[in-house]
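Okay, work.cif is below, mmCIF, C-alpha atoms:
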data_work
#
loop_
_atom_site.group_PDB
_atom_site.id
_atom_site.type_symbol
_atom_site.label_atom_id
_atom_site.label_comp_id
_atom_site.auth_asym_id
_atom_site.auth_seq_id
_atom_site.Cartn_x
_atom_site.Cartn_y
_atom_site.Cartn_z
ATOM 1 C CA ILE K 287 81.564 108.061 101.406
ATOM 2 C CA ALA K 288 81.208 109.724 104.786
ATOM 3 C CA GLY K 289 79.272 107.918 107.509
ATOM 4 C CA ILE K 290 76.481 105.561 106.531
ATOM 5 C CA THR K 291 74.798 105.290 103.161
ATOM 6 C CA GLN K 292 71.619 103.415 102.305
ATOM 7 C CA ALA K 293 70.142 102.448 98.947
ATOM 8 C CA PRO K 294 67.635 102.858 97.521
ATOM 9 C CA THR K 295 66.250 106.108 98.961
ATOM 10 C CA SER K 296 62.732 104.930 98.275
ATOM 11 C CA GLN K 297 61.064 101.979 96.560
ATOM 12 C CA ILE K 298 57.602 100.818 95.619
ATOM 13 C CA LEU K 299 57.461 97.027 95.604
ATOM 14 C CA ALA K 300 54.769 94.553 94.631
ATOM 15 C CA ALA K 301 53.757 92.064 97.298
ATOM 16 C CA GLY K 302 55.541 88.743 96.948
ATOM 17 C CA ARG K 303 58.676 90.248 95.419
ATOM 18 C CA ARG K 304 62.134 89.894 96.900
ATOM 19 C CA MET K 305 64.018 93.047 97.877
ATOM 20 C CA THR K 306 67.437 93.823 99.370
ATOM 21 C CA LEU K 307 68.073 97.106 101.149
ATOM 22 C CA ARG K 308 71.727 98.072 101.133
ATOM 23 C CA CYS K 309 73.715 99.675 103.942
ATOM 24 C CA THR K 310 77.390 100.634 103.894
ATOM 25 C CA GLN K 311 79.471 102.426 106.530
ATOM 26 C CA ASP K 312 83.014 103.733 106.284
ATOM 27 C CA MET K 313 83.667 104.343 109.985
ATOM 28 C CA ARG K 314 85.026 100.819 110.652
ATOM 29 C CA HIS K 315 82.341 100.341 113.285
ATOM 30 C CA ASN K 316 81.993 96.818 114.608
ATOM 31 C CA ALA K 317 78.264 96.866 115.353
ATOM 32 C CA MET K 318 75.490 97.461 112.832
ATOM 33 C CA TYR K 319 71.692 97.507 113.158
ATOM 34 C CA TRP K 320 68.513 97.571 111.098
ATOM 35 C CA TYR K 321 65.406 99.355 112.392
ATOM 36 C CA ARG K 322 61.987 100.031 110.992
ATOM 37 C CA GLN K 323 60.081 103.163 111.937
ATOM 38 C CA ASP K 324 56.309 103.283 111.851
ATOM 39 C CA LEU K 325 54.046 106.135 112.941
ATOM 40 C CA GLY K 326 53.193 105.896 116.616
ATOM 41 C CA LEU K 327 55.481 102.910 117.204
ATOM 42 C CA GLY K 328 58.905 104.455 117.089
ATOM 43 C CA LEU K 329 62.040 102.664 115.972
ATOM 44 C CA ARG K 330 61.998 98.889 116.334
ATOM 45 C CA LEU K 331 65.065 96.685 115.971
ATOM 46 C CA ILE K 332 64.846 94.076 113.201
ATOM 47 C CA HIS K 333 68.313 92.485 113.185
ATOM 48 C CA TYR K 334 71.758 93.398 114.428
ATOM 49 C CA SER K 335 75.384 92.367 114.033
ATOM 50 C CA ASN K 336 77.938 92.833 116.805
ATOM 51 C CA THR K 337 80.868 92.122 114.479
ATOM 52 C CA ALA K 338 81.560 90.844 110.973
ATOM 53 C CA GLY K 339 80.447 87.242 110.605
ATOM 54 C CA THR K 340 77.789 87.354 113.349
ATOM 55 C CA THR K 341 74.129 88.388 113.327
ATOM 56 C CA GLY K 342 71.267 88.355 115.807
ATOM 57 C CA LYS K 343 67.506 88.825 115.909
ATOM 58 C CA GLY K 344 65.904 91.944 117.255
ATOM 59 C CA GLU K 345 62.356 92.717 118.293
ATOM 60 C CA VAL K 346 60.657 92.213 114.883
ATOM 61 C CA PRO K 347 62.797 89.810 112.772
ATOM 62 C CA ASP K 348 60.086 87.789 111.000
ATOM 63 C CA GLY K 349 60.129 88.162 107.218
ATOM 64 C CA TYR K 350 63.628 89.664 107.177
ATOM 65 C CA SER K 351 67.141 88.266 106.898
ATOM 66 C CA VAL K 352 70.595 89.835 107.114
ATOM 67 C CA SER K 353 74.202 88.940 106.443
ATOM 68 C CA ARG K 354 77.494 90.486 107.552
ATOM 69 C CA ALA K 355 80.247 89.253 105.264
ATOM 70 C CA ASN K 356 82.553 92.176 106.080
ATOM 71 C CA THR K 357 82.793 95.167 108.415
ATOM 72 C CA ASP K 358 81.362 97.754 106.037
ATOM 73 C CA ASP K 359 78.212 96.179 104.585
ATOM 74 C CA PHE K 360 75.001 94.992 106.236
ATOM 75 C CA PRO K 361 72.238 94.233 103.704
ATOM 76 C CA LEU K 362 68.651 93.543 104.753
ATOM 77 C CA THR K 363 66.580 91.166 102.598
ATOM 78 C CA LEU K 364 62.824 90.802 102.408
ATOM 79 C CA ALA K 365 62.349 87.357 100.872
ATOM 80 C CA SER K 366 58.692 87.828 99.935
ATOM 81 C CA ALA K 367 57.403 91.305 100.719
ATOM 82 C CA VAL K 368 54.009 91.865 102.360
ATOM 83 C CA PRO K 369 52.070 95.148 102.769
ATOM 84 C CA SER K 370 52.761 95.193 106.538
ATOM 85 C CA GLN K 371 56.432 95.696 105.699
ATOM 86 C CA THR K 372 55.636 99.146 104.355
ATOM 87 C CA SER K 373 57.805 101.367 106.537
ATOM 88 C CA VAL K 374 60.883 103.555 106.722
ATOM 89 C CA TYR K 375 63.999 101.464 107.278
ATOM 90 C CA PHE K 376 67.064 102.865 109.013
ATOM 91 C CA CYS K 377 70.486 101.280 109.174
ATOM 92 C CA ALA K 378 72.753 102.301 112.060
ATOM 93 C CA SER K 379 76.234 101.543 113.346
ATOM 94 C CA SER K 380 78.221 102.008 116.534
ATOM 95 C CA PRO K 381 81.889 101.508 117.407
ATOM 96 C CA GLY K 382 81.018 98.504 119.571
ATOM 97 C CA THR K 383 78.141 97.032 121.493
ATOM 98 C CA GLY K 384 79.316 98.371 124.840
ATOM 99 C CA GLY K 385 80.064 101.957 124.066
ATOM 100 C CA GLY K 386 79.247 104.947 121.977
ATOM 101 C CA GLU K 387 76.101 106.196 120.392
ATOM 102 C CA GLN K 388 74.568 104.787 117.238
ATOM 103 C CA TYR K 389 74.911 106.678 113.961
ATOM 104 C CA PHE K 390 72.004 106.411 111.555
ATOM 105 C CA GLY K 391 71.843 106.307 107.784
ATOM 106 C CA PRO K 392 69.393 108.501 105.835
ATOM 107 C CA GLY K 393 66.748 105.768 105.599
ATOM 108 C CA THR K 394 64.881 103.870 102.880
ATOM 109 C CA ARG K 395 61.166 104.499 102.426
ATOM 110 C CA LEU K 396 59.590 101.215 101.289
ATOM 111 C CA THR K 397 56.011 100.826 100.111
ATOM 112 C CA VAL K 398 54.679 97.326 99.483
ATOM 113 C CA THR K 399 51.517 97.257 97.373
ATOM 114 C CA GLY M 34 61.198 93.508 126.402
ATOM 115 C CA GLN M 35 61.282 97.149 127.320
ATOM 116 C CA ASN M 36 58.550 99.644 128.165
ATOM 117 C CA ILE M 37 59.456 103.233 127.378
ATOM 118 C CA ASP M 38 56.917 106.041 127.716
ATOM 119 C CA GLN M 39 57.137 109.656 126.620
ATOM 120 C CA PRO M 40 54.475 112.220 125.719
ATOM 121 C CA THR M 41 53.282 112.246 122.124
ATOM 122 C CA GLU M 42 53.319 115.991 121.511
ATOM 123 C CA MET M 43 54.408 119.246 123.141
ATOM 124 C CA THR M 44 54.113 122.860 122.005
ATOM 125 C CA ALA M 45 56.159 125.791 123.236
ATOM 126 C CA THR M 46 56.990 129.364 122.312
ATOM 127 C CA GLU M 47 60.274 130.516 120.805
ATOM 128 C CA GLY M 48 62.711 131.439 123.588
ATOM 129 C CA ALA M 49 60.931 129.325 126.203
ATOM 130 C CA ILE M 50 61.987 126.116 127.960
ATOM 131 C CA VAL M 51 60.469 122.695 127.385
ATOM 132 C CA GLN M 52 61.004 119.514 129.407
ATOM 133 C CA ILE M 53 60.363 116.127 127.799
ATOM 134 C CA ASN M 54 59.908 113.304 130.283
ATOM 135 C CA CYS M 55 60.711 109.647 129.686
ATOM 136 C CA THR M 56 59.943 106.738 131.974
ATOM 137 C CA TYR M 57 61.211 103.230 131.378
ATOM 138 C CA GLN M 58 61.147 99.667 132.624
ATOM 139 C CA THR M 59 63.953 97.486 131.327
ATOM 140 C CA SER M 60 65.632 94.142 131.847
ATOM 141 C CA GLY M 61 69.093 95.442 132.607
ATOM 142 C CA PHE M 62 70.316 98.977 132.060
ATOM 143 C CA ASN M 63 73.385 100.230 130.239
ATOM 144 C CA GLY M 64 72.559 103.847 129.570
ATOM 145 C CA LEU M 65 69.877 106.163 128.248
ATOM 146 C CA PHE M 66 70.120 108.146 125.034
ATOM 147 C CA TRP M 67 68.227 111.072 123.583
ATOM 148 C CA TYR M 68 68.037 111.547 119.812
ATOM 149 C CA GLN M 69 66.603 114.362 117.712
ATOM 150 C CA GLN M 70 64.804 113.582 114.461
ATOM 151 C CA HIS M 71 63.598 116.219 112.022
ATOM 152 C CA ALA M 72 60.762 115.231 109.719
ATOM 153 C CA GLY M 73 61.986 113.023 106.870
ATOM 154 C CA GLU M 74 65.489 112.743 108.277
ATOM 155 C CA ALA M 75 67.565 110.284 110.294
ATOM 156 C CA PRO M 76 67.807 110.455 114.081
ATOM 157 C CA THR M 77 70.886 112.289 115.379
ATOM 158 C CA PHE M 78 72.483 111.829 118.792
ATOM 159 C CA LEU M 79 71.863 114.470 121.456
ATOM 160 C CA SER M 80 72.876 113.094 124.841
ATOM 161 C CA TYR M 81 73.821 110.053 126.888
ATOM 162 C CA ASN M 82 73.346 109.332 130.594
ATOM 163 C CA VAL M 83 74.532 106.230 132.412
ATOM 164 C CA LEU M 84 74.926 107.653 135.939
ATOM 165 C CA ASP M 85 72.331 109.577 137.944
ATOM 166 C CA GLY M 86 72.358 113.318 137.530
ATOM 167 C CA LEU M 87 72.322 116.096 135.001
ATOM 168 C CA GLU M 88 74.392 116.266 131.818
ATOM 169 C CA GLU M 89 74.509 119.707 130.211
ATOM 170 C CA LYS M 90 75.438 120.343 126.605
ATOM 171 C CA GLY M 91 74.774 123.905 125.495
ATOM 172 C CA ARG M 92 71.051 124.611 125.311
ATOM 173 C CA PHE M 93 70.219 120.948 125.903
ATOM 174 C CA SER M 94 70.438 119.090 129.223
ATOM 175 C CA SER M 95 69.472 115.544 130.140
ATOM 176 C CA PHE M 96 68.743 114.104 133.566
ATOM 177 C CA LEU M 97 68.649 110.508 134.763
ATOM 178 C CA SER M 98 67.346 108.778 137.887
ATOM 179 C CA ARG M 99 68.005 105.060 137.615
ATOM 180 C CA SER M 100 66.123 104.196 140.814
ATOM 181 C CA LYS M 101 62.974 105.877 139.459
ATOM 182 C CA GLY M 102 63.390 104.696 135.864
ATOM 183 C CA TYR M 103 63.088 108.312 134.788
ATOM 184 C CA SER M 104 64.840 110.751 132.506
ATOM 185 C CA TYR M 105 64.091 114.137 131.048
ATOM 186 C CA LEU M 106 65.470 116.225 128.220
ATOM 187 C CA LEU M 107 65.469 119.967 128.820
ATOM 188 C CA LEU M 108 65.551 122.311 125.843
ATOM 189 C CA LYS M 109 66.315 125.932 126.744
ATOM 190 C CA GLU M 110 66.043 129.135 124.695
ATOM 191 C CA LEU M 111 63.915 127.359 122.143
ATOM 192 C CA GLN M 112 64.491 128.157 118.490
ATOM 193 C CA MET M 113 62.303 127.390 115.491
ATOM 194 C CA LYS M 114 64.858 124.837 114.304
ATOM 195 C CA ASP M 115 64.227 122.821 117.491
ATOM 196 C CA SER M 116 60.849 121.763 116.073
ATOM 197 C CA ALA M 117 61.418 118.000 115.711
ATOM 198 C CA SER M 118 60.740 114.635 117.292
ATOM 199 C CA TYR M 119 62.790 113.697 120.349
ATOM 200 C CA LEU M 120 63.409 110.027 120.938
ATOM 201 C CA CYS M 121 64.230 108.461 124.296
ATOM 202 C CA ALA M 122 66.172 105.189 124.003
ATOM 203 C CA VAL M 123 67.379 102.750 126.653
ATOM 204 C CA ARG M 124 70.292 100.362 126.215
ATOM 205 C CA ASP M 125 69.476 97.100 127.947
ATOM 206 C CA GLY M 126 71.557 94.361 129.530
ATOM 207 C CA ASP M 127 72.334 92.913 126.082
ATOM 208 C CA TYR M 128 73.484 96.339 124.865
ATOM 209 C CA LYS M 129 70.603 96.708 122.438
ATOM 210 C CA LEU M 130 68.676 99.974 122.145
ATOM 211 C CA SER M 131 64.926 100.181 122.650
ATOM 212 C CA PHE M 132 63.221 103.398 121.598
ATOM 213 C CA GLY M 133 60.172 105.219 122.832
ATOM 214 C CA ALA M 134 57.632 106.342 120.237
ATOM 215 C CA GLY M 135 59.038 109.880 120.314
ATOM 216 C CA THR M 136 57.774 113.303 121.366
ATOM 217 C CA THR M 137 56.983 115.815 118.632
ATOM 218 C CA VAL M 138 57.909 119.320 119.760
ATOM 219 C CA THR M 139 56.433 122.268 117.895
ATOM 220 C CA VAL M 140 58.015 125.675 118.482
ATOM 221 C CA ARG M 141 55.753 128.651 117.758
ATOM 222 C CA ALA M 142 56.864 132.201 117.109
#
Target format structure tokens, applied to this file:
Amino acid sequence: IAGITQAPTSQILAAGRRMTLRCTQDMRHNAMYWYRQDLGLGLRLIHYSNTAGTTGKGEVPDGYSVSRANTDDFPLTLASAVPSQTSVYFCASSPGTGGGEQYFGPGTRLTVT
Amino acid sequence: GQNIDQPTEMTATEGAIVQINCTYQTSGFNGLFWYQQHAGEAPTFLSYNVLDGLEEKGRFSSFLSRSKGYSYLLLKELQMKDSASYLCAVRDGDYKLSFGAGTTVTVRA
């Protein structure tokens, strides 16, 4: 693994189903982030984690949950998917909250029908 | 919350120069970033400004004026591969990034 990986690459999901998007980084970065990207709206922060064991809410957290059990993994869960959650989801990491740019994973394209 | 504005689209000719402006209003400021995003791909880091002035990195330069809440990204000697979206992002007082909607640059031969 080099950098950040996300799985799956794309997914079509029925409304009401539960879904976990996976994110793993091998850079030993402390901070990790989940964004969604929608046309005309740009990237919006869903949840973040400044270090393993801590998480925080971003701009659009409703309907999503995260956990950070260790440094490398930061899964995002949709408990009961709705069509408005159709989007491209990007995971990102940075060395720390106070310095350095964020590195982005390749993204997961999610369609909720 | 943050308010970050940048033009939606710009078109320029190969070999020319294009300037993408970004204005922002934030609660706290800890730096401004520019990212490049090709269609269907992840954003990649281009530049970072935290102090006023110009940062030059090859064909790309970025300028910041904190008092005016203003930045620009300057792309020189445009190449076809520079056709992409350019995202302006501001790091606020809580060290979280807020992104503008992005500017799609189309380079024509």
(request) Run the PyMOL selection byres ((chain M and resi 142) around 6) mentally over the shown coordinates, then write out the matched residues as a list in words, using the chain letters and numbers from the document. (result)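 On this input, the PyMOL selection byres ((chain M and resi 142) around 6) captures Thr46, Glu47 and Arg141 of chain M.
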(message) Show me, as number ranges by chain, the residues that have an atom within 7 Å of Val51 (chain M) when counting all atoms listed in the file, minus same-chain residues fewer than 3 positions from it.
(response) M: 45, 107-109
Near region 308-330 of chain K, 9 Å: chain M residue rows, closest pairs, all atoms listed in the file, as a tab-separated table:
residue	atom	partner	partner_atom	distance
M:Thr41	CA	K:Gly326	CA	8.4
M:Leu120	CA	K:Gly328	CA	8.1
M:Leu130	CA	K:Arg330	CA	8.9
M:Ser131	CA	K:Arg330	CA	7.1
M:Phe132	CA	K:Leu329	CA	5.8
M:Gly133	CA	K:Gly328	CA	5.9
M:Ala134	CA	K:Gly328	CA	3.9
M:Gly135	CA	K:Gly328	CA	6.3
(message) Suppose a student applies the PyMOL selection byres ((chain K) within 9 of (chain M)) to this structure; what residues should they get, written as a list in words?
(response)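 This file, filtered by the PyMOL selection byres ((chain K) within 9 of (chain M)), leaves Leu325, Gly326, Leu327, Gly328, Leu329, Arg330, Leu331, Tyr334, Gly344, Glu345, Phe376, Thr383, Gly384, Gly385, Gly386, Glu387, Gln388, Tyr389, Phe390, Gly391, Pro392 and Gly393 of chain K.
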(message) Between CA of Glu88 (chain M) and CA of Tyr105 (chain M), what distance in Å does the model show, to one decimal?
(response) 10.5 Å
(request) For Thr399 (chain K), work out the shell of residues within 12 Å, counting all atoms listed in the file and skipping chain neighbours fewer than 2 positions away, then give it as a ChimeraX atom specification. (result) /K:297-303,367-373,396-397
(request) Identify, on the basis of all atoms listed in the file, every residue whose closest approach to Arg304 (chain K) does not exceed 6 Å; exclude the query and any residue fewer than 2 positions from it along the same chain; express the result as a list in words. (result)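 Here the qualifying residues turn out to be Leu364, Ala365 and Ser366 of chain K.
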Writing out the chosen residues with C-alpha atoms as a PDB file, keeping the file's coordinate frame:
ATOM      1  CA  LEU K 364      62.824  90.802 102.408  1.00  0.00           C
ATOM      2  CA  ALA K 365      62.349  87.357 100.872  1.00  0.00           C
ATOM      3  CA  SER K 366      58.692  87.828  99.935  1.00  0.00           C
TER       4      SER K 366
END
(request) Carefully work through the PyMOL selection byres ((chain M and resi 114) around 10) for this structure and note down the residues it includes, as a ChimeraX atom specification. (result) /M:47,71,111-113,115-117,139-140
Quick one: write out the picked residues with C-alpha atoms as a PDB file, keeping the file's coordinate frame?
ATOM      1  CA  GLU M  47      60.274 130.516 120.805  1.00  0.00           C
ATOM      2  CA  HIS M  71      63.598 116.219 112.022  1.00  0.00           C
ATOM      3  CA  LEU M 111      63.915 127.359 122.143  1.00  0.00           C
ATOM      4  CA  GLN M 112      64.491 128.157 118.490  1.00  0.00           C
ATOM      5  CA  MET M 113      62.303 127.390 115.491  1.00  0.00           C
ATOM      6  CA  ASP M 115      64.227 122.821 117.491  1.00  0.00           C
ATOM      7  CA  SER M 116      60.849 121.763 116.073  1.00  0.00           C
ATOM      8  CA  ALA M 117      61.418 118.000 115.711  1.00  0.00           C
ATOM      9  CA  THR M 139      56.433 122.268 117.895  1.00  0.00           C
ATOM     10  CA  VAL M 140      58.015 125.675 118.482  1.00  0.00           C
TER      11      VAL M 140
END
(message) Report as an NGL selection string all protein, DNA and RNA residues lying within 10 Å of Glu89 (chain M), evaluated on all atoms listed in the file, omitting residues in the same chain fewer than 3 positions from it.
(response) :M and (80 or 86 or 92-96 or 106-107)
(request) Would you please work out which residue, of M:Ser98, M:Gln70, M:Glu110, M:Tyr103, is nearest to Ile53 (chain M) when using all atoms listed in the file? (result)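 When distances to Ile53 (chain M) are compared using all atoms listed in the file, the smallest one comes from M:Tyr103.
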(request) Record the distance separating CA of Pro294 (chain K) and CA of Phe360 (chain K), expressed in Å with one decimal. (result)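 Interatomic distance here is 13.9 Å.
Proximity to Thr341 (chain K) at 9 Å, evaluated using all atoms listed in the file and with sequence-adjacent residues fewer than 3 positions away removed, yields His333, Tyr334, Ser335, Asn336, Thr337, Ala338, Val352, Ser353 and Arg354 of chain K.
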(message) For a test of reading the model, state the distance in Å between CA of Asn54 (chain M) and CA of Ser104 (chain M), rounded to one decimal.
(response)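 Separating CA of Asn54 (chain M) from CA of Ser104 (chain M) is a distance of 6.0 Å.
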(message) Under the rule that all atoms listed in the file are counted, which of M:Met43, M:Leu65, M:Leu87, M:Leu97 is the nearest residue to Val138 (chain M)?
(response) M:Met43
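Considering the residues M:Asp125, M:Arg99, M:Thr137, M:Ser118 and counting only C-alpha atoms, Ser60 (chain M) has its shortest atom-to-atom contact with M:Asp125.
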Assuming 5 Å of padding per side, give the centre and edge lengths of the axis-aligned box around every listed atom of region 64-83 of chain M, in Å to one decimal and as JSON.
{"center_x": 67.6, "center_y": 110.0, "center_z": 119.6, "size_x": 23.8, "size_y": 22.4, "size_z": 35.5}
